[in-house]
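Data from entry_14.txt: compact mmCIF, C-alpha atoms
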```txt
# COMPACT_ATOMS: atom_id res chain seq x y z
CA MET A 1 69.12 97.01 93.85
CA SER A 2 72.58 96.62 92.35
CA ILE A 3 73.26 95.67 88.75
CA PRO A 4 76.67 94.20 87.91
CA ILE A 5 78.43 96.16 85.17
CA PRO A 6 81.25 94.67 83.06
CA SER A 7 84.57 96.40 83.76
CA GLU A 8 85.19 97.21 80.09
CA ARG A 9 82.13 99.50 80.05
CA ILE A 10 83.38 101.66 82.92
CA PRO A 11 86.40 103.60 81.50
CA PRO A 12 84.60 105.60 78.77
CA ILE A 13 81.87 106.74 81.14
CA ALA A 14 84.29 107.39 84.00
CA LYS A 15 86.56 109.50 81.78
CA GLU A 16 83.60 111.52 80.52
CA VAL A 17 82.40 112.16 84.08
CA ALA A 18 85.94 113.01 85.24
CA ASP A 19 86.41 115.51 82.42
CA ALA A 20 83.09 117.18 83.19
CA LYS A 21 83.80 117.42 86.93
CA LYS A 22 87.30 118.79 86.41
CA THR A 23 85.95 121.35 83.95
CA TRP A 24 83.45 122.50 86.57
CA ALA A 25 86.26 122.73 89.12
CA ILE A 26 88.26 124.98 86.82
CA LEU A 27 85.19 127.16 86.24
CA TRP A 28 84.62 127.47 90.01
CA TRP A 29 88.26 128.46 90.49
CA PHE A 30 88.03 130.98 87.67
CA GLY A 31 84.95 132.43 89.37
CA THR A 32 86.90 132.58 92.62
CA SER A 33 89.74 134.55 91.06
CA LEU A 34 87.33 136.80 89.19
CA ALA A 35 85.39 137.57 92.38
CA ALA A 36 88.62 138.32 94.23
CA LEU A 37 89.82 140.64 91.46
CA ILE A 38 86.51 142.48 91.28
CA ALA A 39 86.44 142.89 95.05
CA TYR A 40 90.03 144.14 95.02
CA GLY A 41 89.19 146.63 92.28
CA GLN A 42 86.18 147.95 94.19
CA ASN A 43 88.16 148.43 97.38
CA ASP A 44 87.94 152.07 98.35
CA THR A 45 90.19 154.00 100.67
CA SER A 46 87.65 154.54 103.47
CA HIS A 47 88.50 152.51 106.53
CA ASP A 48 85.03 152.56 108.10
CA ASP A 49 83.81 149.20 106.80
CA ARG A 50 87.06 147.70 105.55
CA ALA A 51 86.92 144.74 107.95
CA SER A 52 83.41 143.71 106.89
CA HIS A 53 84.37 144.11 103.22
CA VAL A 54 87.43 141.88 103.66
CA ALA A 55 85.40 139.33 105.64
CA GLY A 56 82.72 139.21 102.94
CA VAL A 57 85.23 138.80 100.13
CA LEU A 58 87.15 136.17 102.07
CA PHE A 59 83.94 134.25 102.76
CA TRP A 60 83.00 134.08 99.07
CA VAL A 61 86.52 133.25 97.95
CA VAL A 62 86.66 130.34 100.40
CA VAL A 63 83.19 129.07 99.44
CA LEU A 64 83.90 129.19 95.70
CA PHE A 65 87.34 127.63 96.14
CA PHE A 66 85.94 124.70 98.13
CA LEU A 67 83.16 124.15 95.59
CA GLY A 68 85.91 123.79 93.00
CA MET A 69 87.82 121.41 95.27
CA ARG A 70 84.69 119.27 95.68
CA GLN A 71 84.25 118.99 91.91
CA TRP A 72 87.95 118.15 91.46
CA LYS A 73 87.67 115.40 94.09
CA LEU A 74 84.65 113.89 92.30
CA GLY A 75 86.56 113.97 89.03
CA ARG A 76 89.53 112.25 90.68
CA ARG A 77 87.23 109.48 91.93
CA ALA A 78 85.98 108.83 88.41
CA THR A 79 89.56 108.78 87.11
CA ARG A 80 90.51 106.26 89.79
CA ALA A 81 87.55 104.06 88.79
CA ALA A 82 88.68 104.17 85.15
CA ASP A 83 92.16 103.08 86.24
CA LEU A 84 90.81 100.26 88.43
CA ALA A 85 88.57 98.98 85.62
CA THR A 86 91.67 97.70 83.84
CA THR A 87 92.72 95.51 86.78
CA PRO A 88 91.28 92.01 87.18
CA HIS A 89 90.69 92.38 90.94
CA THR A 90 87.92 94.99 90.71
CA SER A 91 84.29 94.64 89.76
CA PHE A 92 81.62 97.32 89.42
CA VAL A 93 77.93 97.56 90.22
CA LEU A 94 75.35 100.19 89.39
CA ALA A 95 73.36 101.17 92.49
CA ASN A 96 70.70 103.72 91.52
CA ASN A 97 72.91 106.41 89.97
CA LEU A 98 76.21 105.41 91.56
CA ILE A 99 78.97 103.33 90.04
CA VAL A 100 80.43 101.42 92.98
CA ALA A 101 83.83 99.76 92.68
CA ILE A 102 84.19 96.50 94.62
CA ASP A 103 87.46 94.70 95.26
CA ASP A 104 87.91 90.92 95.15
CA ARG A 105 87.03 90.65 98.89
CA GLY A 106 83.61 92.20 98.24
CA VAL A 107 84.45 95.51 99.93
CA SER A 108 83.40 98.74 98.23
CA LEU A 109 86.08 101.26 97.34
CA PRO A 110 84.79 104.76 98.21
CA ASP A 111 87.68 106.49 96.43
CA ALA A 112 86.54 104.91 93.14
CA THR A 113 82.78 105.35 93.56
CA PHE A 114 81.16 108.13 91.56
CA LYS A 115 77.75 109.44 90.55
CA ILE A 116 76.48 109.31 86.99
CA GLY A 117 73.56 110.95 85.24
CA GLY A 118 70.47 109.44 83.69
CA LYS A 119 72.05 109.29 80.22
CA HIS A 120 74.87 107.10 81.54
CA VAL A 121 72.48 104.89 83.52
CA THR A 122 70.52 104.29 80.32
CA MET A 123 73.72 103.51 78.41
CA LEU A 124 74.82 100.96 81.02
CA THR A 125 71.46 99.23 81.39
CA ALA A 126 70.48 99.16 77.71
CA LEU A 127 70.29 95.82 75.98
CA PRO A 128 73.15 95.08 73.59
CA ALA A 129 72.46 95.44 69.90
CA ALA A 130 70.90 92.40 68.26
CA THR A 131 72.86 90.51 65.63
CA LEU A 132 71.46 88.42 62.82
CA VAL A 133 72.27 84.73 62.93
CA PRO A 134 71.99 82.73 59.69
CA LYS A 135 69.77 79.63 59.73
CA ASP A 136 72.66 77.28 59.03
CA SER A 137 74.86 78.56 61.86
CA GLY A 138 73.97 75.67 64.18
CA LEU A 139 73.03 78.03 67.02
CA PRO A 140 69.78 77.39 68.88
CA ARG A 141 66.90 79.54 67.75
CA GLY A 142 64.01 80.45 69.84
```
So that I can check it, write out the structure of this file as structure tokens.
Amino acid sequence: MSIPIPSERIPPIAKEVADAKKTWAILWWFGTSLAALIAYGQNDTSHDDRASHVAGVLFWVVVLFFLGMRQWKLGRRATRAADLATTPHTSFVLANNLIVAIDDRGVSLPDATFKIGGKHVTMLTALPAATLVPKDSGLPRG
């Protein structure tokens, strides 16, 4: 089930998600450099198991680096969605916990689709605040 979301509600949430994802990416990269420095500092001079030590360190450096790249990519998607929300040719729908950008032809834009958490889903699907209408306003009551 998809719920249409007004474009003006997308940028604040997209920027918050992008900031969080990019922060996680920086933390992953910091962990990568820290692991590499610790491994370099623990490197001893014996050459018996040097190849396995280098392979192990290289494995973890690559894994941590690519986890950071994944988070950065997700943050970039949210930033792209925030940019597209200001254009008139893009609409957005909420599908479960994904914000899906759709162009004017009805085609989804994967580079501007991003996942949100339960807090953001609640914010997007909540009813707008009620406003009081005076009796003499001429608006229908019911």
For Arg70 in chain A, please output as a PyMOL selection string all residues within 12 Å (counting only C-alpha atoms; exclusion window: fewer than 6 positions along the same chain). chain A and resi 21-26+28-29+63-64+76-77
For range 114-120 of chain A, please output as a PyMOL selection string all residues within 8 Å (counting all atoms listed in the file; exclusion window: fewer than 3 positions along the same chain). chain A and resi 13+17+74+77-78+97-100+123-124
Restricting the calculation to all atoms listed in the file: of A:Pro11, A:Leu27, A:Val121, A:Glu16, which residue gets closest to Gln71 in chain A? A:Leu27
Which is closer to Glu8 in chain A than all the others in A:Gly56, A:Pro88, A:Gly75, A:Thr113, using all atoms listed in the file? A:Pro88
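CA of Phe65 in chain A lies 23.1 Å from CA of Pro110 in chain A.
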Cut-off 8 Å around (87.0, 86.4, 92.8) with only C-alpha atoms: residues as a short mmCIF file (atom, residue, chain, number, x, y, z; two decimals) with C-alpha atoms, keeping the file's coordinate frame:
```
data_model
loop_
_atom_site.label_atom_id
_atom_site.label_comp_id
_atom_site.auth_asym_id
_atom_site.auth_seq_id
_atom_site.Cartn_x
_atom_site.Cartn_y
_atom_site.Cartn_z
CA HIS A 89 90.69 92.38 90.94
CA ASP A 104 87.91 90.92 95.15
CA ARG A 105 87.03 90.65 98.89
#
```
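The gap separating CA of His53 in chain A from CA of Thr32 in chain A is 15.9 Å, in Å to one decimal.
Nearest-residue note for Leu94 in chain A: choosing from A:Gln42, A:Ser108, A:Thr131, A:Thr125, the minimum distance belongs to A:Thr125, counting only C-alpha atoms.
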A:Ile102, A:Leu37, A:Ala112, A:Val107 ranked by distance to Ala18 in chain A, top pick (using only C-alpha atoms): A:Ala112
In Å, rounded to a single decimal, give me how far CA of Ala95 in chain A is from CA of Ser2 in chain A. 4.6 Å
